[in-house]
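Contents: one structure, followed by commentary.
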Amino acid sequence: MIGYIGRRLLAAIPVLFGLSIIVFLIIAAIPGDPATAILGSYATPENVERLNRQLGLDRSLPEQYLVWIGNVVQGDFGRSYSLNRPVIDEVLERFRATLILAGTSLVLCSIFGLLAGIVSAVRQFGWTDRIITFLVLIGISIPSFWLGLLLILIFAVDLRWLPASGMEAIYGGGGPLDLAKHLILPATTLAVVATGVIARMTRASMLEVLRQDYIRTARAKGLSERRVIYRHAFKAALVSVIPVIGIQAGFVLGGAVYIETVFQWPGIGDMLVKAISTRDVLLVQGGVFVVAASYVLFNLAADVVQAMLDPRLKP
């Protein structure tokens with residue numbers, strides 16, 4: 001297993017390298033002059049030229065990339081001009097808030113998606129299966145940002161049960177209970193689509209496993225239905241579901257970018273929106289690269305877990 005993990009880590013290196021190129025080129029292609037945006041009213045030709053030299057924007061794109069990736073390898077993402085602090089410090093601080101939101105959403109969608117898929121498969125063609133399928137289709141079809149606004153309108157504006165935005169109360173907040181209250185709406189919004197995807201995949205995998213001969217043999221031996229479902233069928237079906245959960249981990253992490261904007265969650269998505277508006281190139285590059293790299297690592301973790309459940313997948 002250690003050798004397998006090592007090979008998967010080595011295989012992730014060229015992927016991260018390719019991601020760095022894509023991130024750099026996309027940010028470089030954004031129209032407008034970063035120096036002019038940063039200087040604002042002080043953007044005289046002399047000041048713009050001086051700042052371009054300081055930022056290295058007067059060099060060719062290949063030279064700019066080599067300097068940037070060389071610094072990134074050393075853990076130096078540069079310094080944010082809009083915040084006047086190291087980019088890595090700001091990104092890690094914001095990424096912590098994003099991980100809280102995305103992690104909670106992933107736990108919710110995994111639990112409810114697996115349970116819904118199992119129940120739907122066991123009750124195939126019954127009313128329970130139809131209701132779950134109907135709810136799953138609605139959940140997958142609803143745009144997350146619209147659902148977030150709808151939840152804010154119902155639970156924050158009309159009922160006033162939950163706060164509409166932020167990570168903690170402005171006055172007197174900061175405790176675990178306060179964090180949980182602010183987390184409910186954005187985490188639920190982010191988890192709905194992923195729950196539907198996991199539920200559909202779990203149902204399909206469970207139905208395939210339940211038709212296998214060894215399941216019929218287990219039932220013929222007199223094992224309880226609960227043990228057949230959860231001890232045998234679910235364990236086998238989970239091998240196919242784990243990669244989907246890994247993909248949804250990346251989905252909730254990427255989806256947190258716009259959900260944070262809707263709920264004013266102080267995570268990396270909120271940071272990127274503000275950095276783009278101020279043309280803080282280094283901050284945008286650092287934030288996008290960290291999110292993209294996290295997506296790769298989540299999928300790597302899913303592959304490792306899948307290999308642990310089914311040793312046949314290891315080369």
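Note on naming: chains are A, B, ... as they come in the structure tokens, residues start from 1 per chain, ligands start from 1 in the order shown.
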Could you please write out, as a PyMOL selection string, every residue of region 43-277 of chain A that DSSP assigns to alpha helix (DSSP H)? chain A and resi 45-55+61-73+87-122+127-141+144-151+176-210+213-220+225-227+234-263+268-277
Could you give me, as a PyMOL selection string, the residues within 7 Å of region 290-304 of chain A, counting only C-alpha atoms and dropping anything in the same chain fewer than 2 positions from it? chain A and resi 5+16+242-243+246-247+249-250+286-288+306-308
From the list A:Ala35, A:Met167, A:Met271, A:Leu55, the nearest residue to Ala180 (chain A) using only C-alpha atoms is A:Met167
Given only C-alpha atoms as the counted atoms, nearest of A:Gln64, A:Thr261, A:Gln54, A:Asn47 to Ala164 (chain A): A:Thr261
Can you tell me how far CA of Cys109 (chain A) sits from CA of Trp265 (chain A), in Å to one decimal? 19.6 Å
Residue contacts of Gln285 (chain A) (8 Å, only C-alpha atoms) excluding same-chain residues fewer than 2 positions away, as a PyMOL selection string: chain A and resi 23-24+27+281-283+287-289
Give one line per residue of region 61-128 of chain A that approaches region 192-215 of chain A to at most 12 Å, naming the two atoms of the closest pair and their distance in Å to one decimal, counting only C-alpha atoms; sort by chain then ascending residue number and deliver it as CSV.
residue,atom,partner,partner_atom,distance
A:Ala102,CA,A:Ala194,CA,11.3
A:Ser105,CA,A:Val192,CA,8.6
A:Leu106,CA,A:Ala194,CA,8.0
A:Val107,CA,A:Thr195,CA,9.8
A:Leu108,CA,A:Thr195,CA,7.7
A:Cys109,CA,A:Thr195,CA,4.2
A:Ser110,CA,A:Thr195,CA,6.6
A:Ile111,CA,A:Thr195,CA,8.3
A:Phe112,CA,A:Thr195,CA,6.4
A:Gly113,CA,A:Ala199,CA,4.2
A:Leu114,CA,A:Ala199,CA,5.7
A:Leu115,CA,A:Ala199,CA,7.5
A:Ala116,CA,A:Ala199,CA,5.6
A:Gly117,CA,A:Arg203,CA,4.2
A:Ile118,CA,A:Arg203,CA,5.9
A:Val119,CA,A:Arg203,CA,8.1
A:Ser120,CA,A:Arg203,CA,6.2
A:Ala121,CA,A:Arg203,CA,5.0
A:Val122,CA,A:Leu207,CA,7.9
A:Arg123,CA,A:Arg203,CA,10.2
A:Gln124,CA,A:Leu207,CA,8.5
A:Phe125,CA,A:Leu207,CA,11.6
